[in-house]
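Asks: I'm passing along start-v4.txt; it holds compact mmCIF, C-alpha atoms.
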# COMPACT_ATOMS: atom_id res chain seq x y z
CA MET A 1 0.00 0.00 0.00
CA MET A 2 2.76 2.41 0.90
CA GLY A 3 4.66 1.80 -2.35
CA LYS A 4 1.48 2.24 -4.41
CA LYS A 5 0.66 5.46 -2.59
CA THR A 6 4.15 6.82 -3.26
CA VAL A 7 3.95 5.99 -6.97
CA ASN A 8 0.52 7.61 -7.22
CA SER A 9 1.80 10.72 -5.43
CA ARG A 10 4.67 11.05 -7.86
CA ARG A 11 2.28 10.66 -10.79
CA ILE A 12 -0.03 13.27 -9.33
CA MET A 13 2.84 15.69 -8.75
CA ALA A 14 4.06 15.16 -12.32
CA ALA A 15 0.57 15.74 -13.67
CA VAL A 16 0.23 18.91 -11.59
CA MET A 17 3.54 20.22 -12.95
CA VAL A 18 2.33 19.60 -16.52
CA ILE A 19 -0.93 21.41 -15.83
CA VAL A 20 0.91 24.34 -14.25
CA LEU A 21 3.29 24.53 -17.22
CA LEU A 22 0.41 24.40 -19.72
CA ALA A 23 -1.47 27.05 -17.79
CA ALA A 24 1.59 29.27 -17.79
CA LEU A 25 2.07 28.79 -21.52
CA THR A 26 -1.63 29.39 -22.17
CA GLY A 27 -1.46 32.52 -20.04
CA CYS A 28 1.51 33.77 -22.01
CA VAL A 29 -0.32 33.17 -25.28
CA GLY A 30 -3.40 34.93 -23.92
CA LYS A 31 -1.31 37.92 -22.81
CA GLU A 32 0.43 38.07 -26.17
CA ASP A 33 -2.94 38.01 -27.98
CA THR A 34 -4.25 40.81 -25.76
CA GLN A 35 -1.10 42.88 -26.22
CA THR A 36 -1.22 42.36 -29.99
CA ARG A 37 -4.85 43.49 -30.11
CA LYS A 38 -4.02 46.58 -28.06
CA LYS A 39 -1.06 47.36 -30.33
CA ASN A 40 -3.30 47.06 -33.39
CA LYS A 41 -5.94 49.24 -31.67
CA VAL A 42 -8.58 46.51 -31.73
CA VAL A 43 -11.72 47.65 -29.87
CA GLU A 44 -12.26 45.35 -26.88
CA ILE A 45 -15.91 44.76 -25.96
CA PRO A 46 -16.29 43.25 -22.47
CA MET A 47 -19.06 40.75 -21.85
CA ILE A 48 -20.02 38.16 -19.23
CA LEU A 49 -21.46 34.79 -20.28
CA THR A 50 -22.20 31.66 -18.30
CA VAL A 51 -20.98 28.09 -18.49
CA ASP A 52 -23.75 25.48 -18.44
CA SER A 53 -23.24 23.54 -15.21
CA SER A 54 -25.03 20.46 -16.58
CA THR A 55 -22.88 20.09 -19.72
CA GLY A 56 -19.80 22.25 -19.16
CA ASN A 57 -20.53 24.04 -22.44
CA LYS A 58 -19.92 27.76 -22.78
CA ASN A 59 -23.25 29.40 -23.58
CA GLU A 60 -23.30 31.49 -26.78
CA GLU A 61 -19.73 30.46 -27.60
CA GLU A 62 -20.45 30.01 -31.32
CA VAL A 63 -21.68 33.56 -31.96
CA VAL A 64 -18.74 35.02 -30.02
CA GLU A 65 -16.13 32.97 -31.87
CA ARG A 66 -17.67 33.65 -35.28
CA PHE A 67 -17.89 37.39 -34.63
CA ASN A 68 -14.30 37.55 -33.40
CA ARG A 69 -13.13 35.76 -36.55
CA ALA A 70 -15.24 37.94 -38.85
CA TYR A 71 -14.06 41.18 -37.22
CA LYS A 72 -10.49 40.18 -36.39
CA GLY A 73 -8.30 43.26 -36.22
CA LYS A 74 -11.26 45.58 -35.62
CA TYR A 75 -13.47 44.32 -32.78
CA HIS A 76 -13.03 41.62 -30.17
CA ILE A 77 -15.67 40.32 -27.74
CA ASP A 78 -13.71 39.81 -24.51
CA VAL A 79 -15.79 37.27 -22.58
CA ASP A 80 -15.51 36.53 -18.89
CA TRP A 81 -16.95 33.02 -18.62
CA VAL A 82 -18.55 32.41 -15.22
CA MET A 83 -19.89 29.25 -13.63
CA GLU A 84 -23.18 30.69 -12.38
CA THR A 85 -26.82 29.76 -12.59
CA GLU A 86 -29.08 32.10 -14.55
CA GLU A 87 -30.54 33.35 -11.27
CA GLU A 88 -27.08 34.11 -9.86
CA TYR A 89 -26.09 35.94 -13.04
CA ARG A 90 -29.21 38.10 -12.89
CA LYS A 91 -28.63 39.00 -9.25
CA ASN A 92 -25.05 39.93 -10.07
CA LEU A 93 -26.27 42.26 -12.83
CA LYS A 94 -27.95 44.37 -10.16
CA ARG A 95 -24.82 44.38 -8.02
CA MET A 96 -22.59 45.31 -10.96
CA ASN A 97 -24.93 48.13 -11.89
CA VAL A 98 -24.59 49.64 -8.39
CA THR A 99 -20.78 49.34 -8.47
CA ASP A 100 -20.60 50.51 -12.10
CA GLU A 101 -18.94 47.26 -13.21
CA LEU A 102 -21.38 46.18 -15.90
CA PRO A 103 -19.88 44.77 -19.10
CA ALA A 104 -20.62 46.53 -22.40
CA ILE A 105 -23.21 43.93 -23.43
CA ILE A 106 -25.64 42.36 -20.97
CA THR A 107 -27.98 39.42 -21.44
CA ASP A 108 -31.12 38.30 -19.59
CA LEU A 109 -32.13 41.88 -18.79
CA ARG A 110 -35.74 41.33 -19.89
CA MET A 111 -36.04 38.53 -17.35
CA LEU A 112 -35.89 41.26 -14.68
CA PRO A 113 -38.85 43.51 -15.62
CA SER A 114 -38.47 46.18 -12.93
CA PHE A 115 -34.67 46.31 -13.24
CA TYR A 116 -35.00 46.57 -17.01
CA GLN A 117 -37.43 49.50 -16.72
CA MET A 118 -35.14 51.22 -14.21
CA MET A 119 -32.18 50.83 -16.59
CA ILE A 120 -34.25 52.55 -19.30
CA ARG A 121 -35.42 55.37 -17.03
CA LYS A 122 -31.89 56.13 -15.82
CA GLY A 123 -30.38 55.96 -19.29
CA ARG A 124 -28.14 53.05 -18.38
CA ILE A 125 -28.74 51.18 -21.66
CA GLU A 126 -28.61 52.43 -25.24
CA ASP A 127 -31.66 53.23 -27.30
CA LEU A 128 -31.10 50.95 -30.31
CA THR A 129 -34.01 52.32 -32.32
CA PRO A 130 -31.93 54.64 -34.56
CA TYR A 131 -29.42 51.88 -35.31
CA ILE A 132 -32.14 49.45 -36.40
CA ASN A 133 -34.29 52.00 -38.25
CA GLU A 134 -31.29 53.22 -40.26
CA ASP A 135 -30.21 49.70 -41.20
CA GLN A 136 -32.76 48.13 -43.55
CA GLU A 137 -30.75 44.92 -43.78
CA TRP A 138 -30.96 44.48 -40.02
CA LYS A 139 -34.67 45.32 -39.92
CA ASP A 140 -35.45 42.80 -42.65
CA MET A 141 -33.81 40.01 -40.63
CA ILE A 142 -36.25 40.38 -37.72
CA GLU A 143 -39.64 38.66 -37.69
CA PRO A 144 -42.53 41.10 -37.02
CA SER A 145 -43.55 39.24 -33.84
CA VAL A 146 -40.01 39.48 -32.50
CA MET A 147 -39.75 43.18 -33.37
CA GLU A 148 -43.05 43.82 -31.62
CA SER A 149 -41.92 41.93 -28.52
CA VAL A 150 -38.86 44.16 -27.99
CA ARG A 151 -40.57 47.46 -28.83
CA GLU A 152 -41.62 49.61 -25.87
CA GLU A 153 -44.92 51.51 -25.71
CA ASP A 154 -43.17 54.69 -26.91
CA GLY A 155 -41.83 52.82 -29.94
CA LYS A 156 -38.25 52.61 -28.72
CA ILE A 157 -36.09 49.48 -28.73
CA TYR A 158 -33.47 48.80 -26.07
CA LEU A 159 -32.84 45.12 -26.70
CA GLY A 160 -30.95 43.90 -29.75
CA PRO A 161 -33.35 41.17 -30.92
CA VAL A 162 -32.81 37.71 -32.30
CA SER A 163 -34.24 37.10 -35.76
CA THR A 164 -36.89 34.53 -34.98
CA ALA A 165 -39.15 33.24 -32.23
CA ALA A 166 -38.38 29.70 -33.39
CA PHE A 167 -35.80 29.19 -30.64
CA ALA A 168 -37.76 30.95 -27.90
CA CYS A 169 -40.65 28.60 -27.11
CA SER A 170 -41.32 26.21 -24.24
CA GLY A 171 -43.43 23.06 -24.07
CA VAL A 172 -43.05 19.68 -22.37
CA PHE A 173 -40.24 17.14 -22.61
CA TRP A 174 -41.42 13.63 -21.80
CA ASN A 175 -39.88 10.18 -21.50
CA ARG A 176 -41.45 7.74 -23.98
CA GLU A 177 -40.21 4.64 -22.15
CA LEU A 178 -41.71 5.73 -18.83
CA TYR A 179 -44.98 6.53 -20.61
CA GLU A 180 -45.03 3.08 -22.21
CA ARG A 181 -44.31 1.45 -18.87
CA ALA A 182 -47.51 3.08 -17.59
CA GLY A 183 -49.45 2.00 -20.69
CA ILE A 184 -49.60 5.49 -22.22
CA SER A 185 -48.94 5.74 -25.97
CA ARG A 186 -48.96 9.51 -26.61
CA PHE A 187 -48.75 12.89 -24.93
CA PRO A 188 -52.15 14.18 -23.68
CA GLU A 189 -53.94 16.57 -26.03
CA THR A 190 -56.30 18.12 -23.46
CA TRP A 191 -55.83 19.18 -19.83
CA GLU A 192 -58.34 16.56 -18.73
CA GLU A 193 -56.15 13.94 -20.43
CA PHE A 194 -53.06 15.50 -18.84
CA TRP A 195 -54.34 15.03 -15.30
CA LYS A 196 -55.45 11.46 -16.12
CA CYS A 197 -51.97 10.85 -17.52
CA CYS A 198 -50.44 12.03 -14.23
CA GLU A 199 -52.71 9.69 -12.29
CA LYS A 200 -51.88 6.75 -14.53
CA LEU A 201 -48.12 7.36 -14.22
CA LYS A 202 -48.42 7.68 -10.45
CA ALA A 203 -50.46 4.45 -10.24
CA ALA A 204 -47.67 2.69 -12.15
CA GLY A 205 -45.12 3.83 -9.57
CA ILE A 206 -43.68 6.54 -11.84
CA THR A 207 -43.34 10.15 -10.69
CA PRO A 208 -45.10 12.20 -13.37
CA LEU A 209 -43.41 15.63 -13.08
CA ALA A 210 -39.98 17.12 -12.36
CA LEU A 211 -40.72 20.43 -10.61
CA HIS A 212 -39.18 22.99 -8.24
CA THR A 213 -40.19 26.11 -6.28
CA GLU A 214 -37.11 28.38 -6.36
CA GLY A 215 -35.92 30.56 -9.24
CA THR A 216 -39.40 31.97 -10.07
CA ALA A 217 -40.79 28.40 -10.07
CA TRP A 218 -40.14 28.21 -13.81
CA ALA A 219 -41.27 24.63 -14.52
CA PRO A 220 -44.59 24.57 -12.60
CA MET A 221 -45.40 28.13 -13.68
CA LEU A 222 -45.07 27.12 -17.32
CA LEU A 223 -47.75 24.47 -16.85
CA ALA A 224 -50.04 26.65 -14.74
CA THR A 225 -49.92 29.66 -17.08
CA ALA A 226 -50.36 27.48 -20.16
CA GLU A 227 -53.49 25.96 -18.65
CA VAL A 228 -55.03 29.27 -17.57
CA ALA A 229 -54.63 30.63 -21.12
CA GLY A 230 -57.21 28.11 -22.28
CA SER A 231 -60.03 30.55 -21.49
CA GLU A 232 -60.57 33.94 -23.14
CA GLU A 233 -60.27 35.68 -19.76
CA GLY A 234 -57.15 33.71 -18.88
CA ALA A 235 -55.48 34.44 -22.23
CA ALA A 236 -56.17 38.17 -21.76
CA PHE A 237 -54.78 37.99 -18.22
CA MET A 238 -51.52 36.47 -19.46
CA LYS A 239 -51.07 39.39 -21.88
CA GLN A 240 -51.26 41.99 -19.11
CA LEU A 241 -48.07 43.76 -18.07
CA TYR A 242 -47.98 44.07 -14.27
CA PRO A 243 -51.53 42.89 -13.48
CA ASP A 244 -53.14 45.03 -10.76
CA THR A 245 -54.57 42.02 -8.92
CA TYR A 246 -54.34 38.23 -8.79
CA GLN A 247 -57.51 37.87 -6.74
CA ASN A 248 -59.60 37.03 -9.77
CA GLU A 249 -60.60 33.90 -11.66
CA PRO A 250 -57.33 33.51 -13.64
CA GLY A 251 -55.18 34.21 -10.56
CA LEU A 252 -57.02 31.68 -8.43
CA LYS A 253 -56.96 29.17 -11.30
CA ILE A 254 -53.16 29.43 -11.50
CA ALA A 255 -52.85 28.99 -7.73
CA GLY A 256 -55.11 25.93 -7.80
CA THR A 257 -53.15 24.37 -10.66
CA LEU A 258 -49.84 24.97 -8.90
CA LYS A 259 -51.13 23.23 -5.78
CA LYS A 260 -52.41 20.30 -7.82
CA LEU A 261 -49.19 19.90 -9.84
CA PHE A 262 -47.12 19.25 -6.73
CA GLN A 263 -49.17 16.14 -5.98
CA TYR A 264 -47.29 14.56 -8.89
CA THR A 265 -43.67 15.52 -8.34
CA THR A 266 -40.55 14.40 -6.50
CA GLN A 267 -40.00 14.76 -2.76
CA ASP A 268 -37.11 17.18 -3.26
CA ALA A 269 -39.11 19.65 -5.38
CA LEU A 270 -39.66 22.15 -2.55
CA HIS A 271 -37.06 24.84 -1.82
CA ASN A 272 -34.90 23.82 -4.78
CA ASP A 273 -34.30 25.36 -8.20
CA PHE A 274 -34.59 24.10 -11.77
CA ASP A 275 -31.29 22.22 -11.63
CA ILE A 276 -32.88 19.69 -9.26
CA ALA A 277 -35.85 19.24 -11.57
CA TYR A 278 -33.52 18.78 -14.56
CA ASP A 279 -31.42 16.23 -12.66
CA ASN A 280 -34.53 14.26 -11.74
CA PHE A 281 -35.70 14.18 -15.34
CA VAL A 282 -32.41 13.03 -16.87
CA ALA A 283 -32.01 10.47 -14.08
CA GLU A 284 -35.46 9.17 -15.14
CA ASN A 285 -36.90 9.87 -11.70
CA ALA A 286 -39.76 11.73 -13.39
CA ALA A 287 -41.57 11.32 -16.70
CA MET A 288 -42.07 14.98 -17.72
CA ILE A 289 -40.42 18.38 -17.40
CA PRO A 290 -41.57 21.67 -18.95
CA ASN A 291 -38.82 23.72 -20.60
CA GLY A 292 -37.78 25.32 -23.86
CA TYR A 293 -35.93 24.63 -27.10
CA TRP A 294 -32.57 25.32 -25.44
CA MET A 295 -32.83 22.14 -23.35
CA ILE A 296 -32.60 19.90 -26.41
CA ASP A 297 -28.81 20.06 -26.39
CA GLN A 298 -28.79 19.42 -22.64
CA ILE A 299 -30.47 16.02 -22.92
CA PRO A 300 -27.72 13.35 -22.61
CA ASP A 301 -26.96 11.47 -25.83
CA GLU A 302 -28.07 8.16 -24.35
CA MET A 303 -31.52 9.65 -23.59
CA GLN A 304 -32.13 11.43 -26.90
CA LYS A 305 -34.04 8.54 -28.50
CA LYS A 306 -36.40 8.06 -25.56
CA VAL A 307 -37.25 11.74 -24.92
CA CYS A 308 -39.98 13.55 -26.89
CA PHE A 309 -41.17 17.15 -27.02
CA SER A 310 -44.79 18.28 -27.24
CA THR A 311 -46.82 21.46 -26.97
CA PHE A 312 -48.73 21.93 -23.76
CA PRO A 313 -52.23 20.44 -23.91
CA GLU A 314 -54.59 22.31 -26.26
CA ASN A 315 -51.65 23.03 -28.60
CA LYS A 316 -49.99 25.82 -26.61
CA LEU A 317 -46.41 26.99 -26.35
CA ILE A 318 -44.99 29.62 -24.00
CA GLY A 319 -43.10 32.16 -26.10
CA SER A 320 -40.81 35.00 -25.09
CA PRO A 321 -38.43 36.17 -27.85
CA GLU A 322 -37.84 39.43 -25.98
CA THR A 323 -36.02 37.55 -23.22
CA PHE A 324 -33.32 36.73 -25.79
CA GLY A 325 -32.67 40.40 -26.53
CA TRP A 326 -29.32 41.81 -25.40
CA ALA A 327 -28.63 45.38 -24.27
CA VAL A 328 -25.68 47.76 -24.71
CA VAL A 329 -24.57 49.63 -21.58
CA SER A 330 -24.52 53.36 -22.24
CA THR A 331 -21.51 54.34 -20.09
CA TYR A 332 -18.94 52.90 -22.51
CA SER A 333 -17.08 54.85 -25.19
CA GLU A 334 -18.67 55.43 -28.58
CA LYS A 335 -16.18 53.01 -30.18
CA VAL A 336 -17.12 50.21 -27.79
CA LYS A 337 -20.84 50.87 -28.15
CA LYS A 338 -20.56 50.90 -31.94
CA GLY A 339 -18.77 47.53 -31.85
CA ALA A 340 -21.35 46.16 -29.41
CA VAL A 341 -24.20 47.18 -31.72
CA GLU A 342 -22.39 45.54 -34.64
CA PHE A 343 -22.18 42.36 -32.57
CA LEU A 344 -25.93 42.45 -31.88
CA LYS A 345 -26.62 42.78 -35.61
CA PHE A 346 -24.21 39.88 -36.30
CA ARG A 347 -26.10 37.78 -33.74
CA THR A 348 -29.43 38.55 -35.44
CA LYS A 349 -27.98 37.49 -38.78
CA LEU A 350 -26.55 34.26 -37.36
CA ASN A 351 -29.89 33.49 -35.72
CA LYS A 352 -31.65 33.96 -39.08
CA GLU A 353 -29.19 31.58 -40.76
CA GLN A 354 -29.70 29.02 -38.01
CA LYS A 355 -33.48 29.22 -38.41
CA GLU A 356 -33.27 28.72 -42.17
CA GLU A 357 -30.97 25.75 -41.70
CA LEU A 358 -33.18 24.33 -38.98
CA LEU A 359 -36.36 24.56 -41.02
CA ASN A 360 -34.76 23.22 -44.18
CA SER A 361 -36.56 19.94 -44.86
CA ARG A 362 -33.43 18.46 -46.43
CA THR A 363 -31.50 18.70 -43.17
CA ARG A 364 -34.28 17.69 -40.79
CA GLN A 365 -34.07 14.22 -39.31
CA GLU A 366 -37.43 12.58 -38.76
CA GLY A 367 -38.16 11.14 -35.35
CA THR A 368 -35.56 13.19 -33.48
CA LEU A 369 -36.17 15.42 -30.48
CA LEU A 370 -35.39 18.43 -32.64
CA ASP A 371 -37.93 17.27 -35.20
CA ASP A 372 -40.52 17.01 -32.41
CA TYR A 373 -39.86 20.63 -31.49
CA LEU A 374 -40.09 21.84 -35.07
CA LYS A 375 -43.39 20.04 -35.61
CA ALA A 376 -44.73 21.67 -32.44
CA TYR A 377 -43.51 25.13 -33.46
CA THR A 378 -44.80 24.91 -37.03
CA GLY A 379 -48.12 23.34 -36.01
CA ASN A 380 -49.89 26.69 -35.52
CA PRO A 381 -49.82 26.63 -31.71
CA GLN A 382 -51.34 29.30 -29.49
CA ILE A 383 -48.36 31.30 -28.16
CA VAL A 384 -48.85 32.27 -24.52
CA PRO A 385 -46.72 35.14 -23.14
CA ASN A 386 -44.05 34.29 -20.57
CA TYR A 387 -45.08 35.43 -17.09
CA GLN A 388 -41.45 36.31 -16.33
CA VAL A 389 -41.63 39.32 -18.66
CA LYS A 390 -45.09 40.38 -17.50
CA TRP A 391 -45.12 40.19 -13.69
CA ASN A 392 -43.29 42.26 -11.10
CA SER A 393 -39.96 40.97 -9.83
CA LEU A 394 -40.96 40.94 -6.14
CA LEU A 395 -43.74 38.48 -6.92
CA GLN A 396 -41.44 36.27 -8.95
CA GLU A 397 -38.38 36.33 -6.72
CA ASP A 398 -39.99 36.51 -3.26
CA VAL A 399 -43.63 35.42 -3.27
CA LEU A 400 -43.17 32.37 -5.49
CA GLY A 401 -40.07 31.25 -3.60
CA GLU A 402 -41.56 31.81 -0.13
CA CYS A 403 -45.26 31.15 -0.57
CA LEU A 404 -45.47 28.42 -3.21
CA ALA A 405 -44.06 25.81 -0.83
CA ASP A 406 -46.58 26.90 1.81
CA LEU A 407 -49.39 26.64 -0.74
CA VAL A 408 -48.57 23.12 -1.87
CA GLN A 409 -48.09 21.97 1.74
CA GLY A 410 -51.51 23.30 2.70
CA LYS A 411 -50.17 25.97 5.06
CA ILE A 412 -51.99 28.68 3.11
CA THR A 413 -55.00 28.64 0.80
CA GLU A 414 -55.21 29.68 -2.85
CA GLN A 415 -56.92 32.89 -1.70
CA GLU A 416 -54.09 33.67 0.74
CA PHE A 417 -51.57 32.93 -1.99
CA THR A 418 -53.18 35.47 -4.32
CA GLN A 419 -53.33 37.96 -1.44
CA ALA A 420 -49.56 37.60 -1.05
CA GLU A 421 -49.22 38.21 -4.79
CA ASP A 422 -51.30 41.38 -4.48
CA GLU A 423 -49.18 42.55 -1.54
CA SER A 424 -46.13 42.28 -3.80
CA ILE A 425 -47.85 44.67 -6.22
CA ARG A 426 -48.17 47.31 -3.48
CA GLN A 427 -44.56 46.85 -2.38
CA PHE A 428 -43.37 46.99 -5.97
CA GLU A 429 -45.25 50.22 -6.65
CA GLU A 430 -43.83 51.80 -3.47
CA GLU A 431 -40.29 51.01 -4.58
CA GLN A 432 -40.70 52.56 -8.02
Mind converting the file's structure to structure tokens?

Replies:
Amino acid sequence: MMGKKTVNSRRIMAAVMVIVLLAALTGCVGKEDTQTRKKNKVVEIPMILTVDSSTGNKNEEEVVERFNRAYKGKYHIDVDWVMETEEEYRKNLKRMNVTDELPAIITDLRMLPSFYQMMIRKGRIEDLTPYINEDQEWKDMIEPSVMESVREEDGKIYLGPVSTAAFACSGVFWNRELYERAGISRFPETWEEFWKCCEKLKAAGITPLALHTEGTAWAPMLLATAEVAGSEEGAAFMKQLYPDTYQNEPGLKIAGTLKKLFQYTTQDALHNDFDIAYDNFVAENAAMIPNGYWMIDQIPDEMQKKVCFSTFPENKLIGSPETFGWAVVSTYSEKVKKGAVEFLKFRTKLNKEQKEELLNSRTRQEGTLLDDYLKAYTGNPQIVPNYQVKWNSLLQEDVLGECLADLVQGKITEQEFTQAEDESIRQFEEEQ
């Protein structure tokens, strides 16, 4: 044992020395690249992007690398890659704004409605309207629905949009093998069928849903808001920006659905975020999880053939192309801001190319998870607005996190839950 331990220690030390040497060499190369860019007066555009904790992939790496190659010698997106959840990144945006440490380009801003409006009011982000209006090529790349989603009531645009809503929709991922084990052959087409499906899965010893309560309760809220949009009143409610009350039929319906959903989920769903729900789904501890197009690449290769994607019952998708818009921070130099705007246009163009490639029938592979998504998106679904861009941040970040667990545990009623939501409206208005 001692001899083996000594040999292993030597191997470890040797490996560490190699890693240190490689890191030093890599650092030297990085410094040389930076110095060369400075010498050539390349405009550096700082940005922060996240690394996906489930896959280790750098989010948005392709668009950054392609832009840096296309504009080599002129502009360079200087990315600080951080290992943070989306929620952590968004909280840090607020901190960086206070300390004046924001990068030149920021993402996810529309996921923070009140913070986004404050950034507009205080002139912290650029008005992109003149750039887009004066560039017909850029305007022509953007689908009307996407353009409308990023346009403010006064007609101004502060978020550099993607080209298409094709990558911005959410539905339900479900495990075909677990369905078959419960004797279910297809995804439910109505909400009545959905609840029967949950009962049948549960009776077969299979947990129907992977859910969570933290992080704005994304997964259960997708289901609850999709269901409420089935009525004319509910659909109108979901289109409201900052509803003035939740003590109405749609608000109570959402609360009731949320409570019911948690009868069919895992024991660790309370007080945890989406990562726990995702882990339970890929570990096949649950048969369904609501999420969007972006999760397709996060499904492990060995699961791809057994996972399907469907619209919510009654042919609904949750859509929010505005949440994919990126903003330019106004405190940077004109050179940096000009380069940042050029990057946003480049991203729109790349997104358009990706859509065209994606929808090209010659490249589509029948029976794949991606094909499922495309069939859902092109099947004329009802697009329901994303609550995260419509409701106040206090409700999303505090009430849902604190009160949803109490609701599903029976500590408070649906009426008390909606009262807490209404209290958040008053607090939010006082803080504005």

Asks: Tell me which protein, DNA and RNA residues are within 8 Å of Lys74 of chain A, counting only C-alpha atoms, leaving out same-chain ones fewer than 4 positions away, and put them as a list in words.

Replies: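 What passes the distance filter is Lys41, Val42 and Val43 of chain A.
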
Asks: May I have the centre and edge lengths, in Å to one decimal, of an axis-aligned box around the listed atoms of segment 89-107 of chain A with 8 Å added to every side, as JSON?

Replies:
{"center_x": -24.1, "center_y": 43.2, "center_z": -15.7, "size_x": 26.3, "size_y": 30.6, "size_z": 31.4}

Asks: Contacts of Leu223 of chain A at 12 Å or less, counting all atoms listed in the file, minus same-chain residues fewer than 2 places along, as a PDB file with C-alpha atoms, keeping the file's coordinate frame?

Replies:
ATOM      1  CA  SER A 170     -41.320  26.210 -24.240  1.00  0.00           C
ATOM      2  CA  GLY A 171     -43.430  23.060 -24.070  1.00  0.00           C
ATOM      3  CA  VAL A 172     -43.050  19.680 -22.370  1.00  0.00           C
ATOM      4  CA  PHE A 173     -40.240  17.140 -22.610  1.00  0.00           C
ATOM      5  CA  TRP A 191     -55.830  19.180 -19.830  1.00  0.00           C
ATOM      6  CA  PHE A 194     -53.060  15.500 -18.840  1.00  0.00           C
ATOM      7  CA  TRP A 195     -54.340  15.030 -15.300  1.00  0.00           C
ATOM      8  CA  LEU A 209     -43.410  15.630 -13.080  1.00  0.00           C
ATOM      9  CA  ALA A 210     -39.980  17.120 -12.360  1.00  0.00           C
ATOM     10  CA  LEU A 211     -40.720  20.430 -10.610  1.00  0.00           C
ATOM     11  CA  ALA A 217     -40.790  28.400 -10.070  1.00  0.00           C
ATOM     12  CA  TRP A 218     -40.140  28.210 -13.810  1.00  0.00           C
ATOM     13  CA  ALA A 219     -41.270  24.630 -14.520  1.00  0.00           C
ATOM     14  CA  PRO A 220     -44.590  24.570 -12.600  1.00  0.00           C
ATOM     15  CA  MET A 221     -45.400  28.130 -13.680  1.00  0.00           C
ATOM     16  CA  THR A 225     -49.920  29.660 -17.080  1.00  0.00           C
ATOM     17  CA  ALA A 226     -50.360  27.480 -20.160  1.00  0.00           C
ATOM     18  CA  GLU A 227     -53.490  25.960 -18.650  1.00  0.00           C
ATOM     19  CA  VAL A 228     -55.030  29.270 -17.570  1.00  0.00           C
ATOM     20  CA  ALA A 229     -54.630  30.630 -21.120  1.00  0.00           C
ATOM     21  CA  GLY A 230     -57.210  28.110 -22.280  1.00  0.00           C
ATOM     22  CA  LYS A 253     -56.960  29.170 -11.300  1.00  0.00           C
ATOM     23  CA  ILE A 254     -53.160  29.430 -11.500  1.00  0.00           C
ATOM     24  CA  ALA A 255     -52.850  28.990  -7.730  1.00  0.00           C
ATOM     25  CA  GLY A 256     -55.110  25.930  -7.800  1.00  0.00           C
ATOM     26  CA  THR A 257     -53.150  24.370 -10.660  1.00  0.00           C
ATOM     27  CA  LEU A 258     -49.840  24.970  -8.900  1.00  0.00           C
ATOM     28  CA  LYS A 259     -51.130  23.230  -5.780  1.00  0.00           C
ATOM     29  CA  LYS A 260     -52.410  20.300  -7.820  1.00  0.00           C
ATOM     30  CA  LEU A 261     -49.190  19.900  -9.840  1.00  0.00           C
ATOM     31  CA  PHE A 262     -47.120  19.250  -6.730  1.00  0.00           C
ATOM     32  CA  MET A 288     -42.070  14.980 -17.720  1.00  0.00           C
ATOM     33  CA  ILE A 289     -40.420  18.380 -17.400  1.00  0.00           C
ATOM     34  CA  PRO A 290     -41.570  21.670 -18.950  1.00  0.00           C
ATOM     35  CA  ASN A 291     -38.820  23.720 -20.600  1.00  0.00           C
ATOM     36  CA  THR A 311     -46.820  21.460 -26.970  1.00  0.00           C
ATOM     37  CA  PHE A 312     -48.730  21.930 -23.760  1.00  0.00           C
ATOM     38  CA  PRO A 313     -52.230  20.440 -23.910  1.00  0.00           C
ATOM     39  CA  GLU A 314     -54.590  22.310 -26.260  1.00  0.00           C
ATOM     40  CA  LYS A 316     -49.990  25.820 -26.610  1.00  0.00           C
ATOM     41  CA  LEU A 317     -46.410  26.990 -26.350  1.00  0.00           C
ATOM     42  CA  ILE A 318     -44.990  29.620 -24.000  1.00  0.00           C
ATOM     43  CA  VAL A 384     -48.850  32.270 -24.520  1.00  0.00           C
ATOM     44  CA  ASN A 386     -44.050  34.290 -20.570  1.00  0.00           C
ATOM     45  CA  TYR A 387     -45.080  35.430 -17.090  1.00  0.00           C
TER      46      TYR A 387
END

Asks: Using all atoms listed in the file, which protein or nucleic acid residues come within 12 Å of Ala166 of chain A? Drop anything in the same chain fewer than 6 positions from it, and give the result as an NGL selection string.

Replies: :A and (142-143 or 145-146 or 292-294 or 317-321 or 324 or 351-359 or 370 or 373-379 or 381 or 383)

Asks: Between atom CA of Asp398 of chain A and atom CA of Ile276 of chain A, what distance in Å does the model show, to one decimal?

Replies: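 So the answer is 19.2 Å.
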
Asks: Could you list as a short mmCIF file (atom, residue, chain, number, x, y, z; two decimals) with C-alpha atoms, in the frame of the given file every residue that has an atom within 12 Å of (-52.9, 42.6, -2.4), using the file's coordinates and counting all atoms listed in the file?

Replies:
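Output contents, as saved in part27.cif:
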data_model
loop_
_atom_site.label_atom_id
_atom_site.label_comp_id
_atom_site.auth_asym_id
_atom_site.auth_seq_id
_atom_site.Cartn_x
_atom_site.Cartn_y
_atom_site.Cartn_z
CA PRO A 243 -51.53 42.89 -13.48
CA ASP A 244 -53.14 45.03 -10.76
CA THR A 245 -54.57 42.02 -8.92
CA TYR A 246 -54.34 38.23 -8.79
CA GLN A 247 -57.51 37.87 -6.74
CA ASN A 248 -59.60 37.03 -9.77
CA GLY A 251 -55.18 34.21 -10.56
CA LEU A 395 -43.74 38.48 -6.92
CA VAL A 399 -43.63 35.42 -3.27
CA GLN A 415 -56.92 32.89 -1.70
CA GLU A 416 -54.09 33.67 0.74
CA PHE A 417 -51.57 32.93 -1.99
CA THR A 418 -53.18 35.47 -4.32
CA GLN A 419 -53.33 37.96 -1.44
CA ALA A 420 -49.56 37.60 -1.05
CA GLU A 421 -49.22 38.21 -4.79
CA ASP A 422 -51.30 41.38 -4.48
CA GLU A 423 -49.18 42.55 -1.54
CA SER A 424 -46.13 42.28 -3.80
CA ILE A 425 -47.85 44.67 -6.22
CA ARG A 426 -48.17 47.31 -3.48
CA GLN A 427 -44.56 46.85 -2.38
CA PHE A 428 -43.37 46.99 -5.97
CA GLU A 429 -45.25 50.22 -6.65
#
